[in-house]
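What follows is one structure encoded as structure tokens, with my remarks underneath.
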Amino acid sequence: MKEYYEARAPEYDDWWNGTGRFVDRERPGWEDERDTLIATLRDLPPARTLDVACGTGYLTQHLLGRITGLDASTAMLEHAARRVPSAAFVEGDALRLPFADGIFERIVTGHFYGHLEEPERSRFLTEARRVADELVVVDSALRDDVEPEEQQVRELNDGSRWTVYKRYFTGPGLAAELGGGEVLHDGRWFVVVRATP
């Protein structure tokens with residue numbers, strides 16, 4: 001997975017912005033819901049926050065407080081550091097967070113949890129709860145045109161093809177999986193759930 005995101009880093013924001021390979025993709029209401037997602041994150045109270053699998057910092061830039069981003073990809077972190085120079089960035093493993101117990105108030109993770117199979121999901125939740133009191137998960141909404149669980153083949157601009165495990169969620173379903181929590185957004189494209197241990 002790390003190699004895939006290293007290769008995808010230069011074009012990752014195309015997915016968010018509807019550019020590059022995504023310019024002709026049919027995504028009704030995408031821009032409006034993306035803006036709603038951003039507003040949802042901006043409305044979170046400022047906190048000492050760790051953004052796990054921060055990627056290029058596309059969502060990181062909208063978080064308030066003292067922000068640290070973590071990603072396994074050096075290339076992603078280079079983009080994120082340019083985008084959010086006020087944040088600290090750490091290269092590391094989301095399943096073995098390189099931080100002391102309780103050092104953060106909140107963990108945010110966007111489009112990472114849905115790529116985890118068991119037992120990685122359990123390991124990530126254990127680590128998230130170890131280092132923070134609150135977990136906010138942003139991921140992809142379950143729609144009629146996708147299965148709840150898929151193996152997807154993704155092609156990058158360089159022609160390389162990668163098989164990626166991907167899950168889709170309803171807000172209440174994700175909240176239940178996280179052991180309860182508040183559904184902050186449950187839309188056509190995104191779900192956002194805030195959970196506490």
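Convention: chains lettered A, B, ... in structure tokens order; per-chain residue numbering from 1; ligands numbered from 1 as shown.
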As a PDB file with N, CA and C atoms, in the first residue's frame, please: all residues of range 105-151 of chain A that backbone DSSP puts in helix (DSSP H, G or I).
ATOM      1  N   TYR A 113      -9.348   4.301   7.077  1.00  0.00           N
ATOM      2  CA  TYR A 113      -9.994   3.197   7.781  1.00  0.00           C
ATOM      3  C   TYR A 113     -10.643   2.209   6.801  1.00  0.00           C
ATOM      4  N   GLY A 114     -11.236   2.714   5.743  1.00  0.00           N
ATOM      5  CA  GLY A 114     -11.912   1.867   4.760  1.00  0.00           C
ATOM      6  C   GLY A 114     -10.985   1.008   3.931  1.00  0.00           C
ATOM      7  N   HIS A 115      -9.679   1.191   4.067  1.00  0.00           N
ATOM      8  CA  HIS A 115      -8.709   0.336   3.371  1.00  0.00           C
ATOM      9  C   HIS A 115      -8.163  -0.768   4.269  1.00  0.00           C
ATOM     10  N   GLU A 120      -6.013  -5.530  10.933  1.00  0.00           N
ATOM     11  CA  GLU A 120      -5.487  -4.169  10.930  1.00  0.00           C
ATOM     12  C   GLU A 120      -6.481  -3.164  11.501  1.00  0.00           C
ATOM     13  N   ARG A 121      -7.786  -3.370  11.243  1.00  0.00           N
ATOM     14  CA  ARG A 121      -8.792  -2.440  11.791  1.00  0.00           C
ATOM     15  C   ARG A 121      -8.712  -2.402  13.309  1.00  0.00           C
ATOM     16  N   SER A 122      -8.670  -3.571  13.924  1.00  0.00           N
ATOM     17  CA  SER A 122      -8.611  -3.638  15.390  1.00  0.00           C
ATOM     18  C   SER A 122      -7.326  -3.014  15.917  1.00  0.00           C
ATOM     19  N   ARG A 123      -6.213  -3.271  15.234  1.00  0.00           N
ATOM     20  CA  ARG A 123      -4.942  -2.693  15.675  1.00  0.00           C
ATOM     21  C   ARG A 123      -4.969  -1.176  15.592  1.00  0.00           C
ATOM     22  N   PHE A 124      -5.522  -0.653  14.490  1.00  0.00           N
ATOM     23  CA  PHE A 124      -5.598   0.798  14.355  1.00  0.00           C
ATOM     24  C   PHE A 124      -6.472   1.404  15.452  1.00  0.00           C
ATOM     25  N   LEU A 125      -7.642   0.819  15.723  1.00  0.00           N
ATOM     26  CA  LEU A 125      -8.532   1.374  16.746  1.00  0.00           C
ATOM     27  C   LEU A 125      -7.886   1.324  18.125  1.00  0.00           C
ATOM     28  N   THR A 126      -7.163   0.261  18.407  1.00  0.00           N
ATOM     29  CA  THR A 126      -6.454   0.170  19.687  1.00  0.00           C
ATOM     30  C   THR A 126      -5.415   1.275  19.806  1.00  0.00           C
ATOM     31  N   GLU A 127      -4.657   1.482  18.733  1.00  0.00           N
ATOM     32  CA  GLU A 127      -3.642   2.539  18.741  1.00  0.00           C
ATOM     33  C   GLU A 127      -4.278   3.929  18.832  1.00  0.00           C
ATOM     34  N   ALA A 128      -5.348   4.153  18.078  1.00  0.00           N
ATOM     35  CA  ALA A 128      -6.016   5.456  18.104  1.00  0.00           C
ATOM     36  C   ALA A 128      -6.507   5.773  19.512  1.00  0.00           C
ATOM     37  N   ARG A 129      -7.097   4.792  20.156  1.00  0.00           N
ATOM     38  CA  ARG A 129      -7.622   5.006  21.513  1.00  0.00           C
ATOM     39  C   ARG A 129      -6.499   5.154  22.531  1.00  0.00           C
ATOM     40  N   ARG A 130      -5.340   4.614  22.231  1.00  0.00           N
ATOM     41  CA  ARG A 130      -4.210   4.748  23.133  1.00  0.00           C
ATOM     42  C   ARG A 130      -3.679   6.177  23.165  1.00  0.00           C
ATOM     43  N   VAL A 131      -3.656   6.839  22.009  1.00  0.00           N
ATOM     44  CA  VAL A 131      -2.997   8.148  21.946  1.00  0.00           C
ATOM     45  C   VAL A 131      -3.958   9.334  21.993  1.00  0.00           C
TER      46      VAL A 131
END
Which of chain A DSSP labels strand (DSSP E), written as a ChimeraX atom specification | /A:49-52,67-71,88-91,106-110,134-140,149-155,161-167,182-186,190-195
Selected residue, from A:Leu59, A:Met1, A:Ala53, A:Ala9, that lies nearest to Ile38 in chain A when counting only C-alpha atoms |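 Using only C-alpha atoms, the shortest distance to Ile38 in chain A belongs to A:Leu59.
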Closest-contact table, range 51-102 of chain A side, partner range 12-15 of chain A, 10 Å, counting only C-alpha atoms, as a tab-separated table:
residue	atom	partner	partner_atom	distance
A:Gly55	CA	A:Tyr12	CA	8.2
A:Thr56	CA	A:Tyr12	CA	7.4
A:Gly57	CA	A:Asp13	CA	9.5
A:Tyr58	CA	A:Asp13	CA	7.3
A:Met76	CA	A:Tyr12	CA	8.7
Kindly save the residues from that selection, with N, CA and C atoms included, as a compact mmCIF listing (two decimals), in the first residue's frame.
# COMPACT_ATOMS: atom_id res chain seq x y z
N GLY A 55 -1.93 11.99 3.94
CA GLY A 55 -1.75 12.16 2.51
C GLY A 55 -1.13 13.50 2.17
N THR A 56 -1.71 14.19 1.19
CA THR A 56 -1.18 15.47 0.73
C THR A 56 -1.59 16.64 1.62
N GLY A 57 -2.30 16.35 2.70
CA GLY A 57 -2.76 17.41 3.59
C GLY A 57 -4.02 18.09 3.13
N TYR A 58 -4.73 17.47 2.18
CA TYR A 58 -5.95 18.09 1.63
C TYR A 58 -6.97 18.37 2.73
N MET A 76 3.84 11.81 -0.12
CA MET A 76 2.63 12.46 0.38
C MET A 76 2.98 13.52 1.41
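Of the listed residues (A:Glu6, A:Asp93, A:Asp186, A:Glu78), A:Asp186 comes nearest to Arg143 in chain A; the distances count only C-alpha atoms.
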Distance of CA of Glu33 in chain A from CA of His185 in chain A, expressed in Å to one decimal place |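 Taking CA of His185 in chain A and CA of Glu33 in chain A, their separation equals 9.7 Å.
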